[in-house]
>>> print(open('coords23.cif').read())   # mmCIF, C-alpha atoms
data_input
loop_
_atom_site.label_atom_id
_atom_site.label_comp_id
_atom_site.auth_asym_id
_atom_site.auth_seq_id
_atom_site.Cartn_x
_atom_site.Cartn_y
_atom_site.Cartn_z
CA MET A 249 98.48 101.71 110.94
CA GLY A 250 101.98 101.02 112.25
CA ILE A 251 104.59 98.62 111.01
CA THR A 252 103.49 95.05 110.44
CA ASN A 253 105.55 92.13 109.24
CA ILE A 254 105.28 90.59 105.78
CA GLU A 255 105.70 86.86 105.69
CA HIS A 256 107.33 85.59 102.51
CA LYS A 257 106.11 82.17 101.40
CA THR A 258 106.68 79.78 98.53
CA PHE A 259 103.82 79.23 96.08
CA GLU A 260 103.10 75.90 97.75
CA GLU A 261 102.97 77.51 101.20
CA MET A 262 100.55 80.19 99.96
CA GLU A 263 97.81 77.61 99.36
CA LEU A 264 96.89 79.30 96.10
CA PRO A 265 93.50 78.57 94.48
CA GLY A 266 93.47 76.06 91.66
CA VAL A 267 92.48 78.74 89.14
CA ILE A 268 92.66 82.52 89.09
CA TYR A 269 90.66 84.61 86.64
CA LYS A 270 90.79 87.76 84.56
CA TYR A 271 87.43 89.30 83.63
CA ARG A 272 87.32 90.71 80.10
CA ASP A 273 85.00 92.40 77.57
CA TRP A 274 84.89 90.94 74.05
CA ASN A 275 83.91 94.36 72.65
CA ASP A 276 87.37 95.65 73.57
CA VAL A 277 89.84 94.71 70.83
CA PHE A 278 92.71 94.65 73.33
CA HIS A 279 90.81 92.32 75.67
CA LYS A 280 90.45 89.80 72.84
CA ARG A 281 94.22 89.45 72.67
CA ILE A 282 94.29 87.61 75.99
CA ILE A 283 92.96 84.67 73.95
CA THR A 284 94.08 85.30 70.38
CA GLU A 285 97.66 86.27 71.28
CA ARG A 286 97.88 84.91 74.86
CA GLU A 287 98.71 88.45 75.97
CA VAL A 288 98.25 90.18 79.30
CA PHE A 289 98.99 93.83 80.00
CA MET A 290 100.88 94.85 83.12
CA ALA A 291 99.23 98.16 83.95
CA ALA A 292 100.83 101.23 85.48
CA PRO A 293 99.40 102.14 88.92
CA ASN A 294 98.36 105.61 87.75
CA SER A 295 95.78 103.93 85.48
CA PHE A 296 93.94 102.32 88.42
CA GLU A 297 90.47 103.37 89.51
CA ASP A 298 91.50 103.40 93.16
CA PRO A 299 93.49 106.65 93.64
CA VAL A 300 95.67 105.18 96.43
CA ASP A 301 96.24 101.75 94.90
CA CYS A 302 100.00 101.01 94.69
CA LYS A 303 100.70 104.59 95.75
CA LEU A 304 101.77 104.19 99.36
CA PRO A 305 104.63 106.66 99.85
CA ILE A 306 107.78 105.86 101.76
CA GLU A 307 106.95 107.63 105.02
CA TYR A 308 109.71 109.52 106.82
CA SER A 309 107.61 111.45 109.29
CA GLY A 310 107.60 110.10 112.82
CA LEU A 311 111.02 108.46 112.58
CA SER A 312 112.96 108.50 115.82
CA LYS A 313 116.50 109.92 115.85
CA LYS A 314 117.78 106.36 116.18
CA GLU A 315 115.81 105.29 113.08
CA ILE A 316 117.00 108.35 111.14
CA ARG A 317 120.58 107.44 111.97
CA GLU A 318 119.94 103.84 110.91
CA VAL A 319 118.48 104.97 107.57
CA CYS A 320 121.33 107.40 106.90
CA LEU A 321 123.99 104.85 107.82
CA TYR A 322 122.36 102.32 105.48
CA ASN A 323 122.24 104.83 102.60
CA SER A 324 125.85 105.91 103.18
CA LYS A 325 127.06 102.31 102.90
CA LEU A 326 124.82 101.69 99.89
CA TYR A 327 125.69 104.76 97.83
CA TYR A 328 129.22 105.52 99.09
CA PRO A 329 130.91 102.14 99.64
CA GLU A 330 134.36 103.75 99.34
CA ARG A 331 133.89 105.57 102.65
CA THR A 332 135.59 104.33 105.77
CA ARG A 333 133.62 103.05 108.74
CA LYS A 334 134.32 106.31 110.56
CA GLN A 335 133.09 108.37 107.62
CA HIS A 336 129.86 106.34 107.44
CA ARG A 337 129.25 106.91 111.14
CA GLU A 338 130.02 110.65 110.93
CA TYR A 339 127.68 111.03 107.95
CA ALA A 340 124.87 109.21 109.76
CA GLU A 341 125.38 111.17 112.96
CA ASN A 342 125.37 114.50 111.10
CA TRP A 343 122.14 113.63 109.28
CA ARG A 344 120.59 112.40 112.51
CA THR A 345 120.77 115.94 113.88
CA GLU A 346 120.42 117.90 110.60
CA SER A 347 117.97 115.62 108.80
CA PRO A 348 115.53 117.21 106.29
CA PHE A 349 113.02 114.45 107.04
CA GLY A 350 111.13 116.83 109.31
CA ASN A 351 110.61 119.28 106.42
CA ILE A 352 107.08 118.37 105.31
CA ASN A 353 107.18 120.17 101.95
CA LEU A 354 110.59 118.78 101.00
CA THR A 355 109.58 115.26 102.01
CA LYS A 356 106.32 115.52 100.05
CA ARG A 357 108.16 116.57 96.88
CA PHE A 358 110.60 113.71 97.30
CA GLN A 359 107.75 111.22 97.80
CA GLU A 360 105.97 112.48 94.67
CA GLN A 361 109.15 112.15 92.61
CA MET A 362 109.75 108.62 93.86
CA LEU A 363 106.14 107.54 93.18
CA GLU A 364 106.32 108.98 89.67
CA LYS A 365 109.49 107.00 88.99
CA TYR A 366 108.01 103.90 90.63
CA ASN A 367 104.89 104.19 88.46
CA SER A 368 107.01 104.08 85.30
CA GLN A 369 108.96 101.01 86.44
CA ILE A 370 106.22 98.69 87.66
CA GLY A 371 103.42 96.82 85.91
CA VAL A 372 100.58 95.06 87.71
CA LEU A 373 98.11 92.40 86.55
CA SER A 374 94.95 92.18 88.66
CA LEU A 375 93.16 88.84 88.92
CA THR A 376 90.62 87.16 91.16
CA ALA A 377 89.99 83.75 92.68
CA ASN A 378 86.20 84.05 92.29
CA VAL A 379 84.55 83.56 88.90
CA LYS A 380 81.06 83.49 90.44
CA ASN A 381 81.09 87.08 91.65
CA LEU A 382 78.06 89.04 90.40
CA LYS A 383 79.65 92.41 91.07
CA MET A 384 82.82 91.51 89.19
CA TRP A 385 80.88 90.31 86.14
CA GLU A 386 78.88 93.55 86.18
CA LYS A 387 81.84 95.87 86.72
CA TYR A 388 84.64 94.26 84.74
CA SER A 389 82.95 92.05 82.15
CA ASN A 390 80.39 94.26 80.45
CA ASN A 391 77.52 93.34 82.78
CA HIS A 392 77.73 89.57 82.10
CA LYS A 393 78.18 90.08 78.33
CA GLY A 394 81.94 89.47 78.47
CA PHE A 395 84.08 86.52 79.45
CA ALA A 396 86.68 85.42 81.98
CA VAL A 397 89.93 83.56 81.38
CA GLY A 398 91.22 81.13 83.98
CA PHE A 399 94.91 80.59 84.68
CA ASN A 400 97.04 78.17 86.64
CA PRO A 401 98.43 80.55 89.29
CA ILE A 402 101.63 78.60 89.93
CA VAL A 403 102.54 78.49 86.23
CA MET A 404 101.62 82.15 85.74
CA PHE A 405 103.35 83.46 88.85
CA GLN A 406 106.52 81.47 88.24
CA TYR A 407 106.64 82.68 84.63
CA LEU A 408 106.16 86.34 85.58
CA GLY A 409 108.39 86.21 88.64
CA GLY A 410 105.96 86.32 91.54
CA GLY A 411 102.44 86.97 92.74
CA GLY A 412 99.97 86.40 95.53
CA PRO A 413 96.81 87.58 97.28
CA VAL A 414 95.98 91.18 98.09
CA THR A 415 95.56 92.06 101.77
CA TYR A 416 92.71 94.43 102.62
CA TYR A 417 92.96 97.04 105.38
CA ASP A 418 90.62 99.53 107.00
CA THR A 419 93.69 101.77 107.25
CA LEU A 420 96.56 101.23 104.85
CA PRO A 421 99.93 100.30 106.39
CA ILE A 422 102.76 102.78 106.81
CA VAL A 423 105.76 102.02 104.60
CA ARG A 424 109.13 102.99 106.10
CA PRO A 425 112.49 103.62 104.37
CA ALA A 426 115.13 100.92 104.13
CA PRO A 427 116.45 99.20 106.14
CA ILE A 428 113.44 99.54 108.49
CA HIS A 429 111.47 98.02 105.64
CA SER A 430 113.57 96.28 103.01
CA TYR A 431 113.02 97.17 99.36
CA ASP A 432 111.16 93.88 98.89
CA GLU A 433 108.92 94.66 101.87
CA GLN A 434 108.24 98.16 100.54
CA ARG A 435 107.21 96.76 97.18
CA ASP A 436 105.02 94.09 98.77
CA TYR A 437 103.17 96.66 100.87
CA GLN A 438 102.69 98.97 97.89
CA ILE A 439 101.48 96.29 95.49
CA PHE A 440 99.50 93.93 97.72
CA SER A 441 97.72 96.38 100.07
CA LYS A 442 94.25 97.78 99.36
CA LEU A 443 91.45 99.38 101.34
CA SER A 444 88.69 97.12 102.64
CA LYS A 445 86.06 98.65 100.35
CA TRP A 446 87.69 96.73 97.48
CA SER A 447 87.60 93.36 99.26
CA PHE A 448 84.68 92.20 97.07
CA GLU A 449 87.24 91.70 94.30
CA GLU A 450 89.02 88.89 96.19
CA GLU A 451 92.08 89.95 94.27
CA TYR A 452 95.31 88.21 93.43
CA ARG A 453 98.12 90.03 91.72
CA THR A 454 101.27 89.48 89.79
CA HIS A 455 103.70 92.15 88.68
CA ILE A 456 106.87 93.01 86.83
CA PHE A 457 109.51 95.53 87.83
CA ARG A 458 112.29 97.04 85.73
CA SER A 459 115.08 99.42 86.66
CA ASP A 460 114.37 101.45 83.52
CA GLU A 461 111.05 102.82 82.28
CA LEU A 462 108.49 100.31 81.06
CA THR A 463 107.03 100.92 77.60
CA LYS A 464 103.68 99.75 76.25
CA GLU A 465 105.51 96.96 74.47
CA SER A 466 107.42 95.81 77.54
CA ARG A 467 104.23 95.88 79.61
CA THR A 468 102.64 93.44 77.17
CA ILE A 469 103.53 89.87 78.11
CA GLN A 470 102.77 86.72 76.15
CA LEU A 471 102.02 83.85 78.49
CA PRO A 472 102.89 80.21 77.80
CA PRO A 473 99.95 77.99 76.73
CA GLU A 474 100.24 75.87 79.88
CA ALA A 475 99.31 78.92 81.98
CA PHE A 476 95.77 78.84 80.54
CA THR A 477 93.17 76.48 82.01
CA GLU A 478 89.67 77.64 81.03
CA ILE A 479 87.40 80.26 79.48
CA VAL A 480 84.12 81.17 81.12
CA ILE A 481 81.49 82.65 78.81
CA GLY A 482 79.41 85.43 80.35
CA ALA A 483 75.79 84.53 81.11
CA ASP A 484 74.48 87.20 78.70
CA MET A 485 77.20 87.15 76.08
CA PRO A 486 75.55 87.44 72.62
CA ASN A 487 75.59 84.23 70.59
CA ASP A 488 77.46 85.79 67.67
CA GLN A 489 80.22 86.93 70.04
CA VAL A 490 80.36 83.50 71.66
CA GLU A 491 80.88 81.95 68.23
CA GLU A 492 83.53 84.55 67.37
CA LEU A 493 85.35 83.91 70.66
CA LEU A 494 85.33 80.14 70.23
CA SER A 495 86.59 80.38 66.66
CA SER A 496 89.39 82.69 67.80
CA ILE A 497 90.96 80.20 70.19
CA PRO A 498 94.42 79.35 68.78
CA PRO A 499 95.53 75.71 68.36
CA GLU A 500 97.90 75.88 71.34
CA LEU A 501 94.94 76.62 73.65
CA MET A 502 92.68 73.81 72.50
CA HIS A 503 93.36 72.00 75.78
CA ILE A 504 91.43 74.53 77.86
CA THR A 505 87.93 73.94 79.26
CA ILE A 506 85.02 76.07 78.05
CA LYS A 507 82.34 76.92 80.61
CA GLN A 508 79.18 79.00 80.74
CA ALA A 509 78.50 81.34 83.63
CA ASN A 510 75.18 81.03 85.46
CA LYS A 511 73.81 84.04 87.37
CA ASN A 512 71.72 81.78 89.61
CA LYS A 513 74.91 80.25 90.97
CA MET A 514 76.60 83.59 91.72
CA SER A 515 76.71 85.71 94.81
#
>>> encode(input="coords23.cif", output="structure tokens")
Amino acid sequence: MGITNIEHKTFEEMELPGVIYKYRDWNDVFHKRIITEREVFMAAPNSFEDPVDCKLPIEYSGLSKKEIREVCLYNSKLYYPERTRKQHREYAENWRTESPFGNINLTKRFQEQMLEKYNSQIGVLSLTANVKNLKMWEKYSNNHKGFAVGFNPIVMFQYLGGGGPVTYYDTLPIVRPAPIHSYDEQRDYQIFSKLSKWSFEEEYRTHIFRSDELTKESRTIQLPPEAFTEIVIGADMPNDQVEELLSSIPPELMHITIKQANKNKMS
């Protein structure tokens, strides 16, 4: 797939759903903390089941000489601001003709290094708009024995610094170097693009990005109480676990609605 345009919108313009959900398993001690401690974990892309999720490389192959010059001129101004205009132009012109971008092995190594660094700097939280999805309950919530937590997307996204829906593609988009694609556009493509086979998830995402390496502690975020709206109990969650879950709800979350999932109303 060639270059497509990303349209940046405000949360109001996105027409976000009223609630977005995270499916969880009460048997997992870390999953319990989403209620007991109001914690969510911003996962590294290399932990994802989908091997290409968030791993779109910056693609240099196929660039025209004009685009190579544009990229080199941009990088010269970015990394060597002390250069004169003539020096910037000479640098870009030299790299236009002597560019290593055509060296497949060199480019591949560079892409791998950049993705490894990117993986350590970004954390992603996967959510969904659909809490009546049979496949999601089976796959991500212990086959209906778990639970789902509902959030106000505007409160959550504003608190974490952004978010939105995933776009599904039969062929993933090509991500180009800056300034052909800005750094924001590159990140949007990498985070919010998935193959069509995952479209059943109806996914929304939020993420964090740091210039230094994220640790387990810095990937763990405590959300404000007002971000929480409801808890949905799995249709087959054992009664003793239901009682344990309900008794574990902290005082600051007593405003949330408790619901019970019904398989007959799922698709």
>>> closest_residue(input="coords23.cif", among="A:Thr468, A:Asn381, A:Ser441, A:Ser447", to="Ser515 (chain A)", atoms="only C-alpha atoms")
A:Asn381
>>> residues_around(input="coords23.cif", residues="Lys303 (chain A)", least_positions_apart="3", cutoff="7 Å", atoms="all atoms listed in the file", output="list in words")
Val300, Leu363 and Gln438 of chain A
>>> write_last_selection(input="coords23.cif", atoms="C-alpha atoms", output="PDB file, keeping the file's coordinate frame")
ATOM      1  CA  VAL A 300      95.670 105.180  96.430  1.00  0.00           C
ATOM      2  CA  LEU A 363     106.140 107.540  93.180  1.00  0.00           C
ATOM      3  CA  GLN A 438     102.690  98.970  97.890  1.00  0.00           C
TER       4      GLN A 438
END
>>> resolve_selection(input="coords23.cif", expression="the PyMOL selection byres ((chain A and resi 273-276) around 10)", output="count of residues only")
23
>>> closest_residue(input="coords23.cif", among="A:Lys383, A:Lys442, A:Arg453, A:Arg331", to="Pro413 (chain A)", atoms="all atoms listed in the file")
A:Arg453
>>> closest_residue(input="coords23.cif", among="A:Ile479, A:Leu420, A:Ile402, A:Leu373", to="Glu287 (chain A)", atoms="only C-alpha atoms")
A:Leu373
>>> closest_residue(input="coords23.cif", among="A:Trp343, A:Tyr327, A:Asn294, A:Val288", to="Lys314 (chain A)", atoms="only C-alpha atoms")
A:Trp343
>>> closest_residue(input="coords23.cif", among="A:Gln369, A:Asn378, A:Pro427, A:Lys387", to="Leu321 (chain A)", atoms="only C-alpha atoms")
A:Pro427
>>> residues_near_point(input="coords23.cif", point="(88.8, 99.0, 94.5)", cutoff="7 Å", atoms="only C-alpha atoms", output="VMD selection string")
chain A and resid 297 to 298 445 to 446
